[in-house]
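Notes follow the structure.
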Amino acid sequence: MARKRFALSLFWRTFILLGLLLTAGIVAWVQTFRALEFEPRSVQAAQQVASLVNLSRAALRYADSINRVTLVKTLFDQEAIVLKPREPTDRYEPFEVNRFTRTIGQELRSRLGPSTVVASAVNGKAGLWVGFQIERDNYWLQADANRIVPLTGKTWFVWVGIALLATLLGSAVIARLINQPLKELSFAASRIREGEYDSVLDESMITREIREVNQGFNRMARELAKVEEDRAVMLAGISHDLRTPLARLRLEAEMSVVDEEAKRNIAADIDQLDAIIDKFMDYARPGEVELVPVHVSSVVDKAISQFRDTKRIRITAKLPIDTRVMADETELSRVLMNLFENARRYGRNTYTGVTNVDVSYTRSGSWVILSVRDHGPGVAPEKLAALTTPFFRGDAARTAATGAGLGLAIVDKALQRMGGALELANAPGGGLVAHIKLRRAP
């Protein structure tokens, strides 16, 4: 079995590509901003601390011993600055541990002198400590550490998170705007495939390419509708016109042919032609149907009752009486009769000459799948897909009878009108099996 490829819808593909592009742009912008912001911020922080040290140094230098106490208290109360003498026994931890703090330390020494000491803790007390000298006296200045704190990872995370969220929302909106016309086109194409030619796309779109595509699609839909209407009228007209000469031929054969065997052969040929005309009429039937809940077992039993000749066909059905599907009873009956007739003609057992048909069912979610299987020779696998093509004939093993080649095409078309599907396959034990998929009635 071929490995199923992972597939994304066009919306998600566009959304992911836009999201990746914009996310990469945000990351690049953040890194650029951090690189550009790093040096100015560190220099600014060092300048602020150096200004505090210079002001404190000048104030202490020109203040007497009494006013120094008042000055120190004022600096602590108003600016959260601690000034204390620097003792030789003081223990301190170095401040310069990363690129940001090393830049600040270098800037402070360049402004305050090479003997300046910068520490992150003195005698176990953390903070921003700057050791400076006034003449022969050494002092510590403890400034607010928040003055030199760079933008933290948490701050970056918050802003980048907001930017990413806005990017994802913007990508979703853009992807929806881009893919909405394509989604409408896909929906209209699916309706065309189901035989509904009244789909009209907006021809006033601002985007020129989408507008031209919609105009071309609408023209195609109108042409297909006209072709379908002409075909149906032609088939119906031909079929109707053939009925009259066939009736005359039957009457003349009954009256003028003496040989009984020849008369029977002529009557059989006329019946065959009449059956082919019925197929043409069924295929040319309009596509509008009204779906109502239908009991499957009842319709199957009625269709089986039309095939009573057990010397030619034997049909066995195993269906519950409470299973209902959304369908048109007449159309569903026509589907089953065509399948039974196809099996009767082409699914005979090569040894007994009798066609054995089994009808069964399964449920799959909201769907009911009817299976009609014969026990004949089957069909070449490469020809299965073409069996529903009008006027197509299978291989010699399934063409012993002379039909119009429309039976399975009628089945497929009728199921499409009812919102269902037909799948043909060769049964594991031999023979052809037709799976009829219809939506289960509530």
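Ordering of the structure tokens sets the chain letters (A, B, ...); residue numbers start at 1 within each chain; ligands are numbered from 1 in the order shown.
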- Find the residues around Val117 (chain A) up to 9 Å (only C-alpha atoms counted), leave out those fewer than 5 positions away in its own chain, and share them as a PyMOL selection string. chain A and resi 94-95+105+108-109+129-132+140
- Task: Using DSSP on the backbone coordinates, identify the residues of region 308-396 of chain A assigned to strand (DSSP E); present them as a ChimeraX atom specification.
- Result: /A:313-317,324-327,355-364,367-374
Output the selection as a short mmCIF file (atom, residue, chain, number, x, y, z; two decimals), in the first residue's frame - C-alpha atoms for each residue.
data_model
loop_
_atom_site.label_atom_id
_atom_site.label_comp_id
_atom_site.auth_asym_id
_atom_site.auth_seq_id
_atom_site.Cartn_x
_atom_site.Cartn_y
_atom_site.Cartn_z
CA ILE A 313 -30.10 -14.78 -10.74
CA ARG A 314 -30.37 -15.38 -7.00
CA ILE A 315 -30.14 -12.41 -4.65
CA THR A 316 -29.54 -12.71 -0.92
CA ALA A 317 -29.91 -9.65 1.31
CA ARG A 324 -32.61 4.41 7.05
CA VAL A 325 -30.69 6.66 4.68
CA MET A 326 -31.26 10.10 3.18
CA ALA A 327 -32.23 9.35 -0.42
CA THR A 355 -25.66 -15.21 -10.94
CA ASN A 356 -25.42 -15.17 -7.15
CA VAL A 357 -25.65 -11.71 -5.61
CA ASP A 358 -25.08 -10.80 -1.96
CA VAL A 359 -26.37 -7.54 -0.48
CA SER A 360 -24.89 -6.46 2.85
CA TYR A 361 -24.28 -3.25 4.73
CA THR A 362 -21.91 -1.54 7.17
CA ARG A 363 -22.03 1.73 9.09
CA SER A 364 -19.18 4.23 9.07
CA TRP A 367 -22.70 7.00 6.52
CA VAL A 368 -24.35 3.72 5.52
CA ILE A 369 -22.49 1.60 2.97
CA LEU A 370 -24.48 -0.95 0.98
CA SER A 371 -22.41 -3.63 -0.75
CA VAL A 372 -23.74 -5.48 -3.82
CA ARG A 373 -21.46 -8.33 -4.80
CA ASP A 374 -21.64 -10.89 -7.55
#
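A straight line drawn from CA of Ala50 (chain A) to CA of Gln31 (chain A) is 28.7 Å long.
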- Item | Closest of A:Ile410, A:Lys84, A:Ala247, A:Ala232 to Thr389 (chain A) - atom-to-atom distances counting only C-alpha atoms | A:Ile410
- Task: Select, from A:Gly161, A:Thr14, A:Ala189, A:Ile206, the residue with the minimum atom-to-atom distance to Asn218 (chain A), counting only C-alpha atoms.
- Result: A:Ala189
